[in-house]
>>> print(open('entry_37.txt').read())   # compact mmCIF, C-alpha atoms and all ligand atoms
# COMPACT_ATOMS: atom_id res chain seq x y z
CA MET A 181 24.05 -42.78 7.22
CA SER A 182 25.15 -43.70 10.72
CA LYS A 183 23.88 -47.04 11.94
CA PHE A 184 23.46 -45.49 15.40
CA TRP A 185 21.04 -42.77 14.31
CA SER A 186 17.47 -42.82 15.56
CA GLU A 187 14.56 -42.71 13.12
CA ALA A 188 14.09 -39.04 14.02
CA VAL A 189 17.63 -38.18 12.91
CA LYS A 190 17.16 -40.18 9.71
CA ARG A 191 13.89 -38.35 8.97
CA SER A 192 15.40 -34.92 9.60
CA SER A 193 16.37 -32.53 6.81
CA PRO A 194 17.74 -29.53 8.71
CA TYR A 195 16.96 -26.03 7.56
CA VAL A 196 19.92 -24.03 6.25
CA PRO A 197 19.75 -20.35 7.31
CA GLY A 198 20.72 -17.58 4.88
CA GLU A 199 24.38 -16.83 4.25
CA GLN A 200 26.16 -15.15 7.17
CA MET A 201 29.78 -14.98 5.99
CA ASN A 202 32.13 -11.96 6.34
CA ILE A 203 29.30 -9.76 7.34
CA SER A 204 31.48 -6.76 8.13
CA ASN A 205 32.20 -6.19 4.42
CA LEU A 206 28.74 -6.99 3.17
CA ILE A 207 25.36 -5.35 3.01
CA LYS A 208 23.08 -8.06 4.36
CA LEU A 209 19.65 -7.92 2.81
CA ASN A 210 19.09 -11.68 2.86
CA THR A 211 17.73 -12.72 6.28
CA ASN A 212 15.22 -9.99 7.15
CA GLU A 213 17.12 -8.56 10.08
CA ASN A 214 16.51 -5.01 11.24
CA PRO A 215 19.16 -2.65 9.78
CA TYR A 216 19.08 -0.52 12.93
CA PRO A 217 20.89 -1.55 16.12
CA PRO A 218 18.95 -2.11 19.36
CA SER A 219 18.19 0.99 21.40
CA GLN A 220 20.62 2.53 23.87
CA GLN A 221 18.36 1.43 26.73
CA VAL A 222 18.76 -2.20 25.64
CA LYS A 223 22.54 -1.89 25.62
CA GLU A 224 22.50 -0.32 29.10
CA ALA A 225 20.18 -3.00 30.50
CA ILE A 226 22.41 -5.79 29.18
CA GLN A 227 25.55 -4.12 30.54
CA SER A 228 23.94 -3.68 33.94
CA GLU A 229 22.94 -7.36 34.01
CA ILE A 230 26.55 -8.32 33.21
CA ASP A 231 27.79 -6.08 36.03
CA THR A 232 25.43 -7.46 38.65
CA ASN A 233 23.81 -10.85 38.05
CA LEU A 234 25.53 -13.02 35.47
CA GLN A 235 26.84 -15.46 38.06
CA LEU A 236 23.24 -16.39 38.91
CA TYR A 237 20.91 -18.73 37.04
CA PRO A 238 18.10 -16.93 35.21
CA SER A 239 14.51 -17.32 36.38
CA PRO A 240 13.18 -20.62 34.93
CA THR A 241 9.73 -19.08 34.55
CA VAL A 242 10.95 -15.75 33.08
CA ASP A 243 8.25 -14.04 35.13
CA ASP A 244 9.29 -10.43 34.69
CA LEU A 245 9.64 -10.58 30.89
CA ARG A 246 6.35 -12.49 30.62
CA GLU A 247 4.75 -9.86 32.84
CA GLU A 248 6.07 -7.10 30.58
CA LEU A 249 4.82 -8.94 27.46
CA ALA A 250 1.41 -9.48 29.09
CA THR A 251 1.16 -5.74 29.80
CA THR A 252 2.24 -4.86 26.25
CA TYR A 253 -0.34 -7.18 24.65
CA GLN A 254 -3.10 -6.73 27.28
CA LEU A 255 -3.13 -10.37 28.34
CA ASN A 256 -2.42 -12.26 31.55
CA LYS A 257 1.04 -13.58 32.34
CA ASP A 258 -0.24 -17.15 32.09
CA GLN A 259 -1.10 -16.48 28.44
CA VAL A 260 2.55 -15.83 27.59
CA PHE A 261 5.36 -18.29 26.78
CA VAL A 262 8.96 -17.25 26.07
CA GLY A 263 11.59 -19.22 24.12
CA ASN A 264 14.96 -19.10 22.47
CA GLY A 265 13.95 -17.30 19.29
CA SER A 266 10.60 -18.00 17.67
CA ASP A 267 12.18 -20.97 15.88
CA GLU A 268 12.36 -22.75 19.24
CA VAL A 269 8.83 -21.65 20.14
CA LEU A 270 7.66 -23.03 16.79
CA ALA A 271 9.42 -26.35 17.39
CA PHE A 272 7.85 -26.67 20.87
CA SER A 273 4.46 -25.79 19.40
CA PHE A 274 4.73 -28.53 16.77
CA MET A 275 5.49 -30.99 19.58
CA ALA A 276 2.78 -29.67 21.90
CA PHE A 277 -0.14 -29.34 19.46
CA PHE A 278 0.43 -31.45 16.33
CA ASP A 279 0.32 -35.25 16.31
CA PRO A 280 1.80 -38.01 14.19
CA GLY A 281 -1.14 -39.46 12.25
CA ARG A 282 -3.08 -36.17 11.90
CA ILE A 283 -2.39 -34.09 8.83
CA ILE A 284 -1.55 -30.41 9.36
CA ARG A 285 -1.76 -27.71 6.67
CA PHE A 286 0.50 -24.84 5.77
CA PRO A 287 0.96 -22.77 2.61
CA ALA A 288 3.07 -24.28 -0.18
CA VAL A 289 5.06 -21.04 -0.29
CA SER A 290 5.90 -20.30 3.32
CA TYR A 291 8.54 -20.45 6.03
CA SER A 292 10.87 -23.33 5.21
CA PHE A 293 11.19 -24.48 8.82
CA TYR A 294 7.60 -25.86 8.92
CA PRO A 295 8.30 -28.98 6.80
CA VAL A 296 11.57 -29.46 8.70
CA TYR A 297 9.78 -29.67 12.07
CA ALA A 298 6.94 -31.74 10.62
CA LYS A 299 9.41 -34.32 9.30
CA LEU A 300 11.44 -34.37 12.50
CA PHE A 301 8.39 -34.93 14.71
CA ASP A 302 6.78 -37.31 12.19
CA ILE A 303 3.75 -35.07 11.60
CA PRO A 304 2.10 -35.56 8.20
CA TYR A 305 1.44 -32.35 6.29
CA GLU A 306 -0.34 -30.95 3.28
CA LYS A 307 1.07 -27.94 1.44
CA VAL A 308 -1.75 -25.68 0.31
CA ALA A 309 -1.03 -23.95 -3.02
CA LEU A 310 -1.33 -20.16 -2.90
CA ASN A 311 -3.67 -18.26 -5.23
CA ARG A 312 -2.11 -17.00 -8.48
CA ASP A 313 -1.62 -13.56 -6.93
CA PHE A 314 0.20 -15.21 -3.96
CA THR A 315 -2.63 -14.52 -1.51
CA LEU A 316 -3.73 -17.28 0.87
CA PRO A 317 -6.70 -19.40 -0.29
CA VAL A 318 -8.56 -19.00 3.00
CA GLU A 319 -11.18 -21.72 2.50
CA LYS A 320 -8.54 -24.34 1.78
CA PHE A 321 -7.51 -24.03 5.42
CA PHE A 322 -10.98 -24.94 6.72
CA GLN A 323 -11.56 -28.27 8.50
CA ALA A 324 -7.91 -29.22 8.76
CA ASP A 325 -7.39 -32.54 10.47
CA GLY A 326 -4.34 -32.00 12.65
CA GLY A 327 -3.82 -28.23 12.70
CA VAL A 328 -2.91 -25.15 10.69
CA ILE A 329 0.16 -22.94 10.66
CA PHE A 330 1.06 -19.96 8.51
CA PRO A 331 3.03 -16.74 8.83
CA ASN A 332 1.17 -13.44 8.75
CA PRO A 333 2.45 -11.51 6.84
CA ASN A 334 3.48 -14.57 4.85
CA ALA A 335 7.17 -15.15 4.17
CA PRO A 336 8.66 -14.92 1.62
CA THR A 337 5.68 -13.30 -0.15
CA SER A 338 5.28 -10.38 2.35
CA ILE A 339 1.48 -10.43 1.91
CA TYR A 340 -0.79 -9.76 4.92
CA LEU A 341 -4.04 -11.60 5.62
CA ASP A 342 -6.74 -9.55 7.38
CA LEU A 343 -8.34 -10.48 10.69
CA GLN A 344 -11.71 -11.32 9.16
CA ALA A 345 -10.08 -14.11 7.11
CA ILE A 346 -8.21 -15.31 10.20
CA ARG A 347 -11.49 -15.43 12.14
CA GLU A 348 -12.99 -17.59 9.39
CA ILE A 349 -10.05 -20.00 9.57
CA LEU A 350 -10.43 -20.21 13.36
CA ASP A 351 -14.22 -20.68 13.18
CA ASN A 352 -13.74 -23.53 10.74
CA ASN A 353 -11.14 -25.37 12.81
CA PRO A 354 -12.71 -25.68 16.27
CA ASP A 355 -10.98 -28.99 17.02
CA CYS A 356 -7.36 -28.20 16.23
CA VAL A 357 -4.81 -25.53 16.97
CA VAL A 358 -4.26 -22.69 14.49
CA ILE A 359 -0.79 -21.16 14.82
CA ILE A 360 -0.19 -17.73 13.37
CA ASP A 361 3.49 -16.95 13.03
CA GLU A 362 3.59 -13.17 13.34
CA ALA A 363 7.35 -12.70 12.94
CA TYR A 364 6.74 -9.63 10.73
CA ILE A 365 3.43 -8.33 12.11
CA ASP A 366 4.84 -5.05 13.47
CA PHE A 367 5.55 -3.95 9.89
CA ALA A 368 1.93 -4.75 8.93
CA SER A 369 -1.35 -3.85 10.62
CA ALA A 370 -3.69 -5.59 13.09
CA SER A 371 -2.31 -8.57 14.99
CA ALA A 372 -4.38 -11.68 15.73
CA VAL A 373 -3.47 -11.19 19.42
CA SER A 374 -6.81 -9.36 19.81
CA LEU A 375 -8.59 -12.67 19.03
CA ILE A 376 -6.87 -14.71 21.74
CA ASN A 377 -9.57 -14.25 24.36
CA THR A 378 -12.22 -15.30 21.82
CA TYR A 379 -10.55 -18.40 20.34
CA GLU A 380 -9.14 -21.07 22.65
CA ASN A 381 -7.46 -22.78 19.64
CA LEU A 382 -5.39 -19.74 18.58
CA LEU A 383 -1.66 -19.50 19.24
CA VAL A 384 0.17 -16.38 18.07
CA ILE A 385 3.97 -16.52 17.85
CA GLN A 386 6.14 -13.40 17.65
CA THR A 387 9.82 -12.57 17.86
CA PHE A 388 12.26 -9.89 19.04
CA SER A 389 14.43 -10.64 15.99
CA LYS A 390 12.82 -8.33 13.43
CA SER A 391 10.94 -5.26 14.64
CA ARG A 392 12.92 -5.09 17.91
CA SER A 393 16.42 -5.39 16.39
CA LEU A 394 17.46 -8.34 18.57
CA ALA A 395 18.03 -11.26 16.17
CA GLY A 396 21.39 -11.88 17.87
CA LEU A 397 19.81 -12.25 21.30
CA ARG A 398 17.36 -15.06 20.31
CA VAL A 399 14.07 -14.26 22.01
CA GLY A 400 10.67 -15.34 20.72
CA PHE A 401 7.31 -15.74 22.42
CA ALA A 402 3.89 -17.31 22.09
CA LEU A 403 0.58 -15.80 23.17
CA GLY A 404 -2.53 -17.90 23.60
CA ASN A 405 -4.98 -19.30 26.10
CA LYS A 406 -3.72 -20.63 29.41
CA GLN A 407 -4.04 -24.32 28.46
CA LEU A 408 -2.00 -23.89 25.28
CA ILE A 409 0.72 -22.08 27.25
CA GLU A 410 0.74 -24.84 29.86
CA GLY A 411 1.26 -27.38 27.06
CA LEU A 412 4.26 -25.41 25.81
CA ASN A 413 5.70 -25.21 29.34
CA ARG A 414 5.46 -28.98 29.75
CA ILE A 415 7.39 -29.52 26.51
CA LYS A 416 9.97 -26.85 27.39
CA ASP A 417 10.54 -28.20 30.90
CA SER A 418 11.13 -31.63 29.40
CA PHE A 419 14.18 -30.24 27.57
CA ASN A 420 15.64 -27.42 29.62
CA SER A 421 13.89 -25.66 32.44
CA TYR A 422 16.05 -22.52 32.05
CA THR A 423 14.34 -20.96 29.07
CA ILE A 424 16.47 -18.01 27.99
CA ASP A 425 19.54 -16.45 29.54
CA ARG A 426 19.82 -13.38 31.76
CA LEU A 427 21.16 -11.10 29.01
CA ALA A 428 18.29 -12.05 26.73
CA ILE A 429 15.75 -11.38 29.47
CA ALA A 430 17.28 -8.00 30.35
CA GLY A 431 17.61 -6.91 26.70
CA ALA A 432 14.11 -8.02 25.71
CA LYS A 433 12.52 -6.28 28.70
CA ALA A 434 14.30 -3.02 27.88
CA ALA A 435 13.35 -3.31 24.20
CA LEU A 436 9.66 -3.66 25.10
CA LYS A 437 9.82 -0.58 27.32
CA ASP A 438 11.53 1.65 24.77
CA THR A 439 8.44 2.25 22.66
CA THR A 440 9.80 5.53 21.25
CA TYR A 441 12.73 3.80 19.59
CA PHE A 442 10.50 0.94 18.43
CA ASP A 443 8.01 3.34 16.79
CA TYR A 444 10.83 5.33 15.21
CA THR A 445 12.56 2.33 13.57
CA ILE A 446 9.28 0.78 12.39
CA THR A 447 8.17 4.05 10.79
CA LYS A 448 11.57 4.47 9.18
CA ILE A 449 11.59 0.93 7.71
CA LYS A 450 8.05 1.32 6.37
CA GLN A 451 9.00 4.63 4.70
CA THR A 452 12.08 3.06 3.14
CA ARG A 453 9.95 0.09 2.01
CA GLU A 454 7.55 2.42 0.15
CA TRP A 455 10.41 4.30 -1.49
CA VAL A 456 12.23 1.07 -2.48
CA THR A 457 8.99 -0.40 -3.85
CA SER A 458 8.36 2.56 -6.13
CA GLU A 459 12.00 2.62 -7.30
CA MET A 460 11.85 -1.11 -8.09
CA LYS A 461 8.64 -0.66 -10.09
CA LYS A 462 10.27 2.16 -12.12
CA ARG A 463 12.96 -0.36 -13.07
CA GLY A 464 10.53 -2.98 -14.42
CA PHE A 465 10.09 -5.13 -11.31
CA CYS A 466 6.78 -6.57 -10.22
CA VAL A 467 6.70 -6.03 -6.43
CA LEU A 468 4.14 -7.90 -4.32
CA PRO A 469 2.33 -5.58 -1.86
CA SER A 470 4.56 -5.81 1.20
CA SER A 471 3.44 -5.63 4.82
CA ALA A 472 6.83 -6.86 6.06
CA ASN A 473 10.42 -5.61 6.32
CA PHE A 474 11.25 -7.20 2.97
CA ILE A 475 9.93 -7.19 -0.58
CA PHE A 476 9.34 -10.10 -2.94
CA VAL A 477 10.00 -9.20 -6.56
CA THR A 478 10.41 -10.52 -10.06
CA HIS A 479 11.66 -8.73 -13.19
CA TYR A 480 9.86 -8.95 -16.53
CA LYS A 481 13.07 -9.88 -18.37
CA GLU A 482 16.05 -10.22 -16.03
CA ALA A 483 16.78 -13.65 -14.48
CA ALA A 484 16.54 -13.50 -10.68
CA GLU A 485 19.50 -15.86 -10.36
CA ASP A 486 21.75 -13.55 -12.42
CA LEU A 487 20.74 -10.56 -10.31
CA TYR A 488 21.38 -12.50 -7.10
CA LYS A 489 24.85 -13.48 -8.33
CA TRP A 490 25.64 -9.93 -9.48
CA PHE A 491 24.72 -8.50 -6.10
CA LYS A 492 26.74 -11.15 -4.29
CA GLU A 493 29.84 -10.38 -6.39
CA ASN A 494 29.28 -6.73 -5.48
CA GLY A 495 28.99 -7.22 -1.73
CA ILE A 496 25.21 -7.31 -1.30
CA LEU A 497 23.44 -10.47 -0.15
CA ILE A 498 19.81 -10.99 -1.16
CA ARG A 499 17.73 -14.20 -1.45
CA TYR A 500 16.91 -15.90 -4.70
CA PHE A 501 13.90 -18.25 -4.97
CA GLN A 502 13.41 -20.84 -7.64
CA SER A 503 10.99 -23.61 -6.75
CA PRO A 504 7.55 -24.84 -7.77
CA GLY A 505 5.15 -21.91 -7.40
CA ILE A 506 7.88 -19.27 -7.13
CA ASP A 507 9.63 -18.96 -10.42
CA ASN A 508 12.34 -16.34 -10.79
CA TYR A 509 11.77 -14.36 -7.56
CA LEU A 510 14.05 -12.35 -5.29
CA ARG A 511 13.46 -11.49 -1.64
CA ILE A 512 15.16 -8.30 -0.54
CA THR A 513 15.27 -7.14 3.08
CA ILE A 514 14.66 -3.42 3.60
CA GLY A 515 17.92 -1.90 4.84
CA THR A 516 18.78 1.68 5.79
CA ASP A 517 18.27 4.38 3.14
CA GLU A 518 22.02 4.45 2.60
CA GLN A 519 22.21 0.67 2.08
CA MET A 520 19.30 0.82 -0.35
CA ARG A 521 20.95 3.68 -2.31
CA THR A 522 24.03 1.45 -2.71
CA PHE A 523 21.70 -1.39 -3.77
CA PHE A 524 20.18 0.79 -6.52
CA GLU A 525 23.63 1.96 -7.70
CA LYS A 526 24.63 -1.69 -8.27
CA LEU A 527 21.26 -2.51 -9.81
CA ASP A 528 21.42 0.40 -12.26
CA TYR A 529 24.83 -0.72 -13.37
CA ILE A 530 23.57 -4.12 -14.52
CA LEU A 531 20.07 -3.26 -15.81
N1 LIG A 601 9.03 -17.23 11.37
C1 LIG A 601 9.31 -16.66 10.19
C2 LIG A 601 8.22 -16.53 9.17
C3 LIG A 601 10.60 -16.20 9.91
O1 LIG A 601 10.90 -15.66 8.72
C4 LIG A 601 11.60 -16.33 10.92
C5 LIG A 601 13.00 -15.81 10.67
N2 LIG A 601 13.74 -16.43 9.76
C6 LIG A 601 11.26 -16.95 12.12
C7 LIG A 601 9.97 -17.37 12.32
C8 LIG A 601 12.28 -17.21 13.19
O2 LIG A 601 12.74 -16.07 13.78
P1 LIG A 601 13.56 -16.11 15.17
O3 LIG A 601 13.88 -17.54 15.47
O4 LIG A 601 14.75 -15.28 14.93
O5 LIG A 601 12.64 -15.55 16.19
>>> encode(input="entry_37.txt", output="structure tokens", more="lines below")
Ligand code: PMP
Amino acid sequence: MSKFWSEAVKRSSPYVPGEQMNISNLIKLNTNENPYPPSQQVKEAIQSEIDTNLQLYPSPTVDDLREELATTYQLNKDQVFVGNGSDEVLAFSFMAFFDPGRIIRFPAVSYSFYPVYAKLFDIPYEKVALNRDFTLPVEKFFQADGGVIFPNPNAPTSIYLDLQAIREILDNNPDCVVIIDEAYIDFASASAVSLINTYENLLVIQTFSKSRSLAGLRVGFALGNKQLIEGLNRIKDSFNSYTIDRLAIAGAKAALKDTTYFDYTITKIKQTREWVTSEMKKRGFCVLPSSANFIFVTHYKEAAEDLYKWFKENGILIRYFQSPGIDNYLRITIGTDEQMRTFFEKLDYIL
């Protein structure tokens, strides 16, 4: 370990994203990207920005994209924060709302970046074990000391928590911030955004990476009351006052406007998810009820690790989970129908 490293570097244990190698030859069902490309309008908006404005700095306050997001989610512009992917928004939120010395809570089976940020920023945390059926034990999130964070739908389980349960968690944590990471909410049902004007301690984080097909552009955002957003801006401006670049702003704005394409791809992915779920069940898999663009499955006799390796040797990347609380599970992103037909061909060969 380098003698010049700060305590923060020594504490860090960086998150390793899913495999990305040789993607042109592979079917990538391992990092929950959208299998469909961004809409034509997004491509045109980015090209037009290249042709006209790329020599200029972007707006530090990202006003027009925040305005567009505010309109989409029926909020005010000062209730919207934009960042470089929701990972960055999450990191800023940990810094802005969670303190060293006050214990935060998140589910034991959840997004692996949460413990990474907590360690980096020296925030103590408690991992709350899920129920046996992988649902969230709502009451165990009451009266948290330093704050609460969880994805909804949860990742990697894909299970959605309804708004009544979220209200209960908010009611029982009046003195700390509750962050709901809605990376996959567009594949589920009601968003907690509708609760923002009722709960001053609620921060909802979403992303353009999944439902809006823009993982490569890196745009995420937070929605919450004005004071929370101000806190995020203070943290952001302490690092880099230019939030996201001009191409990201142009692409994200166009993606928000093209609601026809958005609705079409979401409907398509949900249909494929239902078909894939029933096909998996026919083959002896237990499939958790998914409200996301991925499924979380285990087989009654096949080892998840062997299946993962078989798929990898055959050009399909999926995720394999083996850790306390998730024994022998696979997470499979929903691809196009054609990709999923290839997936089943390979699966039927080995089963
Ligand atoms: N939250 C969850 C639960 C995720 O699965 C992901 C994607 N891996 C993210 C946040 C981050 O997404 P992005 O940074 O691409 O917006």
>>> atom_distance(input="entry_37.txt", atom1="CA of Ala428 in chain A", atom2="CA of Tyr294 in chain A")
24.9 Å
>>> residues_around(input="entry_37.txt", residues="Thr457 in chain A", least_positions_apart="4", cutoff="12 Å", atoms="all atoms listed in the file", output="list in words")
Ile449, Lys450, Gln451, Thr452, Arg453, Lys461, Lys462, Arg463, Gly464, Phe465, Cys466, Val467, Leu468, Pro469, Ser470, Ser471, Asn473, Phe474, Ile475, Phe476, Val477, Thr478, Ile512, Thr513, Ile514, Met520 and Phe524 of chain A
>>> closest_atom_pairs(input="entry_37.txt", of="chain A", to="ligand LIG 601 (chain A)", cutoff="10 Å", atoms="only C-alpha atoms and all ligand atoms", output="tab-separated table")
residue	atom	partner	partner_atom	distance
A:Pro197	CA	A:LIG601	N2	7.6
A:Gly198	CA	A:LIG601	N2	8.6
A:Asn210	CA	A:LIG601	N2	9.9
A:Thr211	CA	A:LIG601	N2	6.5
A:Asn212	CA	A:LIG601	N2	7.1
A:Glu213	CA	A:LIG601	C5	8.4
A:Gly263	CA	A:LIG601	O5	8.8
A:Asn264	CA	A:LIG601	O3	7.3
A:Gly265	CA	A:LIG601	O5	3.8
A:Ser266	CA	A:LIG601	O5	3.5
A:Asp267	CA	A:LIG601	O3	3.9
A:Glu268	CA	A:LIG601	O3	6.6
A:Val269	CA	A:LIG601	O3	8.0
A:Leu270	CA	A:LIG601	C7	7.6
A:Ser290	CA	A:LIG601	C2	7.3
A:Tyr291	CA	A:LIG601	C2	5.0
A:Ser292	CA	A:LIG601	C2	8.3
A:Phe293	CA	A:LIG601	N1	8.0
A:Tyr294	CA	A:LIG601	N1	9.1
A:Phe330	CA	A:LIG601	C2	8.0
A:Pro331	CA	A:LIG601	C2	5.2
A:Asn332	CA	A:LIG601	C2	7.7
A:Pro333	CA	A:LIG601	C2	8.0
A:Asn334	CA	A:LIG601	C2	6.7
A:Ala335	CA	A:LIG601	C2	5.3
A:Pro336	CA	A:LIG601	O1	7.5
A:Ser338	CA	A:LIG601	C2	9.6
A:Ile360	CA	A:LIG601	N1	9.4
A:Asp361	CA	A:LIG601	N1	5.8
A:Glu362	CA	A:LIG601	N1	7.1
A:Ala363	CA	A:LIG601	N1	5.1
A:Tyr364	CA	A:LIG601	C2	7.2
A:Ile365	CA	A:LIG601	C2	9.9
A:Ile385	CA	A:LIG601	C7	8.2
A:Gln386	CA	A:LIG601	O5	7.0
A:Thr387	CA	A:LIG601	O5	4.4
A:Phe388	CA	A:LIG601	O5	6.3
A:Ser389	CA	A:LIG601	O4	4.8
A:Lys390	CA	A:LIG601	O4	7.4
A:Leu394	CA	A:LIG601	O4	8.3
A:Ala395	CA	A:LIG601	O4	5.3
A:Gly396	CA	A:LIG601	O4	8.0
A:Leu397	CA	A:LIG601	O4	8.7
A:Arg398	CA	A:LIG601	O4	6.0
A:Val399	CA	A:LIG601	O5	6.1
A:Gly400	CA	A:LIG601	O5	4.9
A:Phe401	CA	A:LIG601	O5	8.2
>>> residues_near_point(input="entry_37.txt", point="(5.7, -33.0, 9.3)", cutoff="12 Å", atoms="all atoms listed in the file", output="ChimeraX atom specification")
/A:188,191-193,271,274-275,278-286,292-307,326-329
>>> residues_near_point(input="entry_37.txt", point="(11.9, 2.6, 15.4)", cutoff="10 Å", atoms="all atoms listed in the file", output="NGL selection string")
:A and (214 or 216-219 or 391-393 or 438-450)
>>> write_last_selection(input="entry_37.txt", atoms="C-alpha atoms", output="mmCIF file, in the coordinates of the input")
data_model
loop_
_atom_site.group_PDB
_atom_site.id
_atom_site.type_symbol
_atom_site.label_atom_id
_atom_site.label_comp_id
_atom_site.auth_asym_id
_atom_site.auth_seq_id
_atom_site.Cartn_x
_atom_site.Cartn_y
_atom_site.Cartn_z
ATOM 1 C CA ASN A 214 16.510 -5.010 11.240
ATOM 2 C CA TYR A 216 19.080 -0.520 12.930
ATOM 3 C CA PRO A 217 20.890 -1.550 16.120
ATOM 4 C CA PRO A 218 18.950 -2.110 19.360
ATOM 5 C CA SER A 219 18.190 0.990 21.400
ATOM 6 C CA SER A 391 10.940 -5.260 14.640
ATOM 7 C CA ARG A 392 12.920 -5.090 17.910
ATOM 8 C CA SER A 393 16.420 -5.390 16.390
ATOM 9 C CA ASP A 438 11.530 1.650 24.770
ATOM 10 C CA THR A 439 8.440 2.250 22.660
ATOM 11 C CA THR A 440 9.800 5.530 21.250
ATOM 12 C CA TYR A 441 12.730 3.800 19.590
ATOM 13 C CA PHE A 442 10.500 0.940 18.430
ATOM 14 C CA ASP A 443 8.010 3.340 16.790
ATOM 15 C CA TYR A 444 10.830 5.330 15.210
ATOM 16 C CA THR A 445 12.560 2.330 13.570
ATOM 17 C CA ILE A 446 9.280 0.780 12.390
ATOM 18 C CA THR A 447 8.170 4.050 10.790
ATOM 19 C CA LYS A 448 11.570 4.470 9.180
ATOM 20 C CA ILE A 449 11.590 0.930 7.710
ATOM 21 C CA LYS A 450 8.050 1.320 6.370
#
>>> residues_around(input="entry_37.txt", residues="range 225-239 of chain A", least_positions_apart="4", cutoff="7 Å", atoms="all atoms listed in the file", output="PyMOL selection string")
chain A and resi 221+422+425-427+430-431+434
>>> residues_around(input="entry_37.txt", residues="Ala276 in chain A", least_positions_apart="5", cutoff="7 Å", atoms="only C-alpha atoms", output="PyMOL selection string")
chain A and resi 411-412+415
>>> atom_distance(input="entry_37.txt", atom1="CA of Glu482 in chain A", atom2="CA of Thr522 in chain A")
19.4 Å
>>> residues_around(input="entry_37.txt", residues="Ser369 in chain A", least_positions_apart="2", cutoff="9 Å", atoms="all atoms listed in the file", output="VMD selection string")
chain A and resid 340 342 365 to 367 371 471
>>> residues_around(input="entry_37.txt", residues="Ile496 in chain A", least_positions_apart="4", cutoff="6 Å", atoms="all atoms listed in the file", output="list in words")
Leu206, Ile207, Phe491 and Lys492 of chain A
>>> write_last_selection(input="entry_37.txt", atoms="C-alpha atoms", output="PDB file, in the frame of the given file")
ATOM      1  CA  LEU A 206      28.740  -6.990   3.170  1.00  0.00           C
ATOM      2  CA  ILE A 207      25.360  -5.350   3.010  1.00  0.00           C
ATOM      3  CA  PHE A 491      24.720  -8.500  -6.100  1.00  0.00           C
ATOM      4  CA  LYS A 492      26.740 -11.150  -4.290  1.00  0.00           C
TER       5      LYS A 492
END
>>> axis_aligned_box(input="entry_37.txt", around="range 389-405 of chain A", padding_each_side="4 Å", output="lines of an AutoDock Vina configuration file")
center_x = 8.2
center_y = -12.2
center_z = 19.8
size_x = 34.4
size_y = 22.2
size_z = 20.7
>>> closest_residue(input="entry_37.txt", among="A:Thr315, A:Thr241, A:Gln344, A:Asn353", to="Asp258 in chain A", atoms="all atoms listed in the file")
A:Thr241
